[in-house]
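Structure first, commentary second.
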Amino acid sequence: MQKSDYLLQNFAMFVHLKRVEDPFAYCMGMIDCFYEEMEANADKIGVVLNYADIEKNQKEGKMSALLTIEEGAVCRGKLELLRDFYRLGVRMMTLTWNFANELAFPNFVDSNTGKAYPNEKDGLTEKGLAFVQEMQRLGMIVDVSHLGDAGIYDVLRHSEGPFVASHSNARAICSHPRNLTDEMIRGLSERGGVMGLNMCAAFLSEEENAFGRVEQVLAHIRHIKQVGGIDCIGLGGDFDGIGDNTEILGAGKMPLLAEAMEKNGFSTEEIEKVFYKNVLRVYKDVLRK
């Protein structure tokens with residue numbers, strides 16, 4: 001992060017429902033670890049609860065850390081636990097990961113082949129709808145990455161204001177259902193939301209034994225810009241959740257993308273929008289308290 005002059009990083013408390021006995025307790029343990037690390041490195045990085053905290057950290061020469069959750073099941077379907085996580089500093093949450101929970105359904109995955117398919121039938125549950133509404137009331141960012149197709153359209157229909165797809169690419173370029181269709185991109189953009197470019201090779205290219213290359217990331221940027229405009233593109237990374245078969249492997253390699261964008265005709269303003277301005281706009285809109 002320091003090598004690439006990072007302004008802010010989202011730190012996702014990721015929970016694999018099939019590998020932990022108590023998702024809530026596991027998430028709480030990770031949040032404790034997060035705050036222990038933040039305290040140990042308080043001279044370099046500070047937790048942000050609202051947009052003013054980002055500005056404060058920047059003035060003090062510190063990076064910022066935004067606490068997020070990647071698996072809505074940690075809330076056990078209870079709004080009071082969602083509010084408790086908000087009180088603990090969580091400011092963004094995916095409704096699902098790769099398994100159905102009390103809130104919503106992901107896309108389908110064939111257990112035999114591992115191939116993923118769009119879920120156009122099962123969307124948000126009644127509890128899921130209530131969670132989306134409460135997240136927006138609180139000022140917590142709704143994240144639709146990992147959510148099934150029907151669920152993403154439910155968020156579009158039953159919410160107001162910006163939401164994000166924190167680590168998803170364009171399905172027109174790579175047909176994996178973790179990526180967004182053009183219709184989804186347009187809907188996200190019209191809401192003032194942002195989608196974060198994912199560096200995972202499987203979400204960049206359909207090539208066999210794919211290796212994630214910068215030129216593939218550029219192809220997704222060009223397409224998303226054409227469909228939804230440059231203002232809906234951000235950085236998703238997903239560095240802690242992908243393999244090492246990619247050029248941009250880790251925060252320290254991010255300048256490679258900026259250099260490639262500049263060499264391929266993107267203006268300084270466009271590069272700055274993708275790298276931080278678009279995401280900061282969403283944070284300013286949503287992180288009010």
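Each chain of the structure tokens is named A, B, ... in the order shown, its residues numbered from 1; ligands are numbered from 1 in display order.
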With 7 Å as the cut-off and only C-alpha atoms counted, what is the closest atom pair between each nearby residue of region 62-173 of chain A and region 2-15 of chain A? Distances in Å to one decimal, ordered by chain and number, as a tab-separated table.
```
residue	atom	partner	partner_atom	distance
A:Met63	CA	A:Leu7	CA	5.1
A:Ser64	CA	A:Leu8	CA	4.4
A:Ala65	CA	A:Gln9	CA	5.2
A:Leu66	CA	A:Asn10	CA	4.7
A:Leu67	CA	A:Phe11	CA	5.2
A:Thr68	CA	A:Ala12	CA	4.6
A:Ile69	CA	A:Met13	CA	4.6
A:Glu70	CA	A:Phe14	CA	4.7
A:Glu71	CA	A:Val15	CA	6.0
```
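Nearest-residue note for Ala201 (chain A): choosing from A:Arg288, A:Lys263, A:His146, A:His176, the minimum distance belongs to A:His176, counting only C-alpha atoms.
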For this session: Give the answer as one residue: which of A:Asn198, A:Gln216, A:Ser159, A:Thr113 has the shortest atom-to-atom distance to Met135 (chain A), using only C-alpha atoms?
Result: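 For Met135 (chain A), the nearest of the given residues is A:Ser159.
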Problem set entry | Counting only C-alpha atoms, the residue of A:Lys115, A:His158, A:Lys273, A:Lys127 that sits nearest Gly196 (chain A) |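 Of all the options, A:Lys273 lies closest to Gly196 (chain A).
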Contacts of Arg137 (chain A) within 12 Å, only C-alpha atoms, excl. fewer than 3 positions in-chain, as a short mmCIF file (atom, residue, chain, number, x, y, z; two decimals) with N, CA, C and O atoms, in the first residue's frame:
```
data_model
loop_
_atom_site.label_atom_id
_atom_site.label_comp_id
_atom_site.auth_asym_id
_atom_site.auth_seq_id
_atom_site.Cartn_x
_atom_site.Cartn_y
_atom_site.Cartn_z
N LEU A 79 -31.51 -7.76 12.07
CA LEU A 79 -31.17 -6.35 11.84
C LEU A 79 -30.39 -5.77 13.02
O LEU A 79 -29.55 -4.89 12.84
N LEU A 82 -26.83 -6.40 12.36
CA LEU A 82 -26.36 -5.47 11.34
C LEU A 82 -26.02 -4.13 11.97
O LEU A 82 -24.96 -3.55 11.70
N ARG A 83 -26.90 -3.63 12.82
CA ARG A 83 -26.66 -2.35 13.47
C ARG A 83 -25.45 -2.42 14.40
O ARG A 83 -24.67 -1.46 14.51
N TYR A 86 -22.43 -2.15 12.36
CA TYR A 86 -22.25 -0.74 11.99
C TYR A 86 -21.60 0.02 13.14
O TYR A 86 -20.68 0.83 12.94
N ARG A 91 -18.67 -0.47 7.28
CA ARG A 91 -19.30 0.51 6.42
C ARG A 91 -19.64 -0.01 5.02
O ARG A 91 -20.11 0.75 4.17
N ALA A 130 -35.18 -6.02 3.68
CA ALA A 130 -35.13 -5.21 4.89
C ALA A 130 -33.69 -4.78 5.20
O ALA A 130 -33.45 -3.65 5.65
N PHE A 131 -32.74 -5.67 4.94
CA PHE A 131 -31.33 -5.34 5.18
C PHE A 131 -30.86 -4.23 4.26
O PHE A 131 -30.15 -3.31 4.69
N VAL A 132 -31.23 -4.31 2.99
CA VAL A 132 -30.83 -3.27 2.04
C VAL A 132 -31.37 -1.91 2.49
O VAL A 132 -30.64 -0.90 2.49
N GLN A 133 -32.62 -1.89 2.90
CA GLN A 133 -33.21 -0.63 3.34
C GLN A 133 -32.54 -0.10 4.60
O GLN A 133 -32.28 1.10 4.72
N GLU A 134 -32.22 -1.02 5.55
CA GLU A 134 -31.58 -0.57 6.78
C GLU A 134 -30.14 -0.13 6.54
O GLU A 134 -29.67 0.84 7.14
N MET A 140 -24.49 2.53 5.29
CA MET A 140 -23.60 1.41 5.03
C MET A 140 -23.75 1.03 3.56
O MET A 140 -24.87 0.89 3.06
N ILE A 141 -22.64 0.87 2.85
CA ILE A 141 -22.67 0.65 1.41
C ILE A 141 -23.10 -0.78 1.08
O ILE A 141 -22.53 -1.75 1.59
N VAL A 142 -24.10 -0.91 0.23
CA VAL A 142 -24.56 -2.22 -0.25
C VAL A 142 -23.63 -2.67 -1.37
O VAL A 142 -23.43 -1.96 -2.35
N SER A 159 -33.98 -0.20 -3.97
CA SER A 159 -33.07 0.66 -3.22
C SER A 159 -32.99 2.02 -3.90
O SER A 159 -33.47 2.20 -5.02
N GLU A 160 -32.38 2.94 -3.20
CA GLU A 160 -32.16 4.28 -3.74
C GLU A 160 -30.70 4.65 -3.56
O GLU A 160 -30.03 4.17 -2.65
N GLY A 161 -30.21 5.51 -4.43
CA GLY A 161 -28.85 6.01 -4.28
C GLY A 161 -27.79 5.00 -4.70
O GLY A 161 -28.09 3.92 -5.22
N VAL A 286 -22.44 8.32 0.69
CA VAL A 286 -23.06 7.31 1.57
C VAL A 286 -22.57 7.39 3.01
O VAL A 286 -23.37 7.23 3.94
N LEU A 287 -21.29 7.62 3.22
CA LEU A 287 -20.73 7.58 4.58
C LEU A 287 -20.93 8.93 5.25
O LEU A 287 -20.03 9.76 5.35
N ARG A 288 -22.14 9.13 5.76
CA ARG A 288 -22.53 10.45 6.24
C ARG A 288 -22.20 10.69 7.71
O ARG A 288 -21.99 11.80 8.13
N LYS A 289 -22.22 9.62 8.53
CA LYS A 289 -22.16 9.80 9.98
C LYS A 289 -20.77 9.52 10.51
O LYS A 289 -20.04 8.73 9.95
#
```
For this session: Determine which residues of region 53-183 of chain A DSSP labels as helix (DSSP H, G or I) from the backbone of this structure, then write them out as JSON, numbers by chain.
Result: {"A": [53, 54, 55, 56, 57, 58, 59, 72, 73, 74, 75, 79, 80, 81, 82, 83, 84, 85, 86, 87, 126, 127, 128, 129, 130, 131, 132, 133, 134, 135, 136, 137, 138, 149, 150, 151, 152, 153, 154, 155, 156, 157, 158, 182, 183]}
Exercise. Using only C-alpha atoms, which of the listed residues (A:Tyr153, A:Glu206, A:Asp143, A:Gly228) sits closest to Ile185 (chain A)?
Worked result: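 Checking each candidate against Ile185 (chain A), we get A:Gly228 as the closest.
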For this session: Check the smallest atom-to-atom distance from each of A:Cys232, A:Leu188, A:Cys200, A:Leu103 to His167 (chain A) using only C-alpha atoms, then report the winner.
Result: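 Result for the nearest residue to His167 (chain A): A:Cys200.
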Exercise. From the set A:Ser111, A:Phe99, A:Lys225, A:Phe211, which residue has the shortest atom-to-atom contact distance to Arg19 (chain A), counting only C-alpha atoms?
Worked result: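 Selected residue with least distance to Arg19 (chain A): A:Phe99.
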Problem set entry | Gap from CA of Glu120 (chain A) to CA of Asp149 (chain A) - Å, one decimal | 5.3 Å
Problem set entry | All strand (DSSP E or B) residues (DSSP, backbone) inside region 74-161 of chain A, as a PyMOL selection string | chain A and resi 90-94+108-109+116-117+141-143
Problem set entry | Shell around Gly72 (chain A) at 9 Å using only C-alpha atoms, local window under 6 positions removed, as a count of residues only | 10
For this session: Mind checking which residues fall within 9 Å of Pro118 (chain A), counting only C-alpha atoms, ignoring those fewer than 5 positions away in the same chain, and posting them as a ChimeraX atom specification?
Result: /A:106-109,148-150,176-178
Exercise. Near region 239-248 of chain A, counting only C-alpha atoms, which residues have an atom at most 8 Å away, once you skip same-chain residues fewer than 6 positions from it, shown as a count of residues only?
Worked result: 11
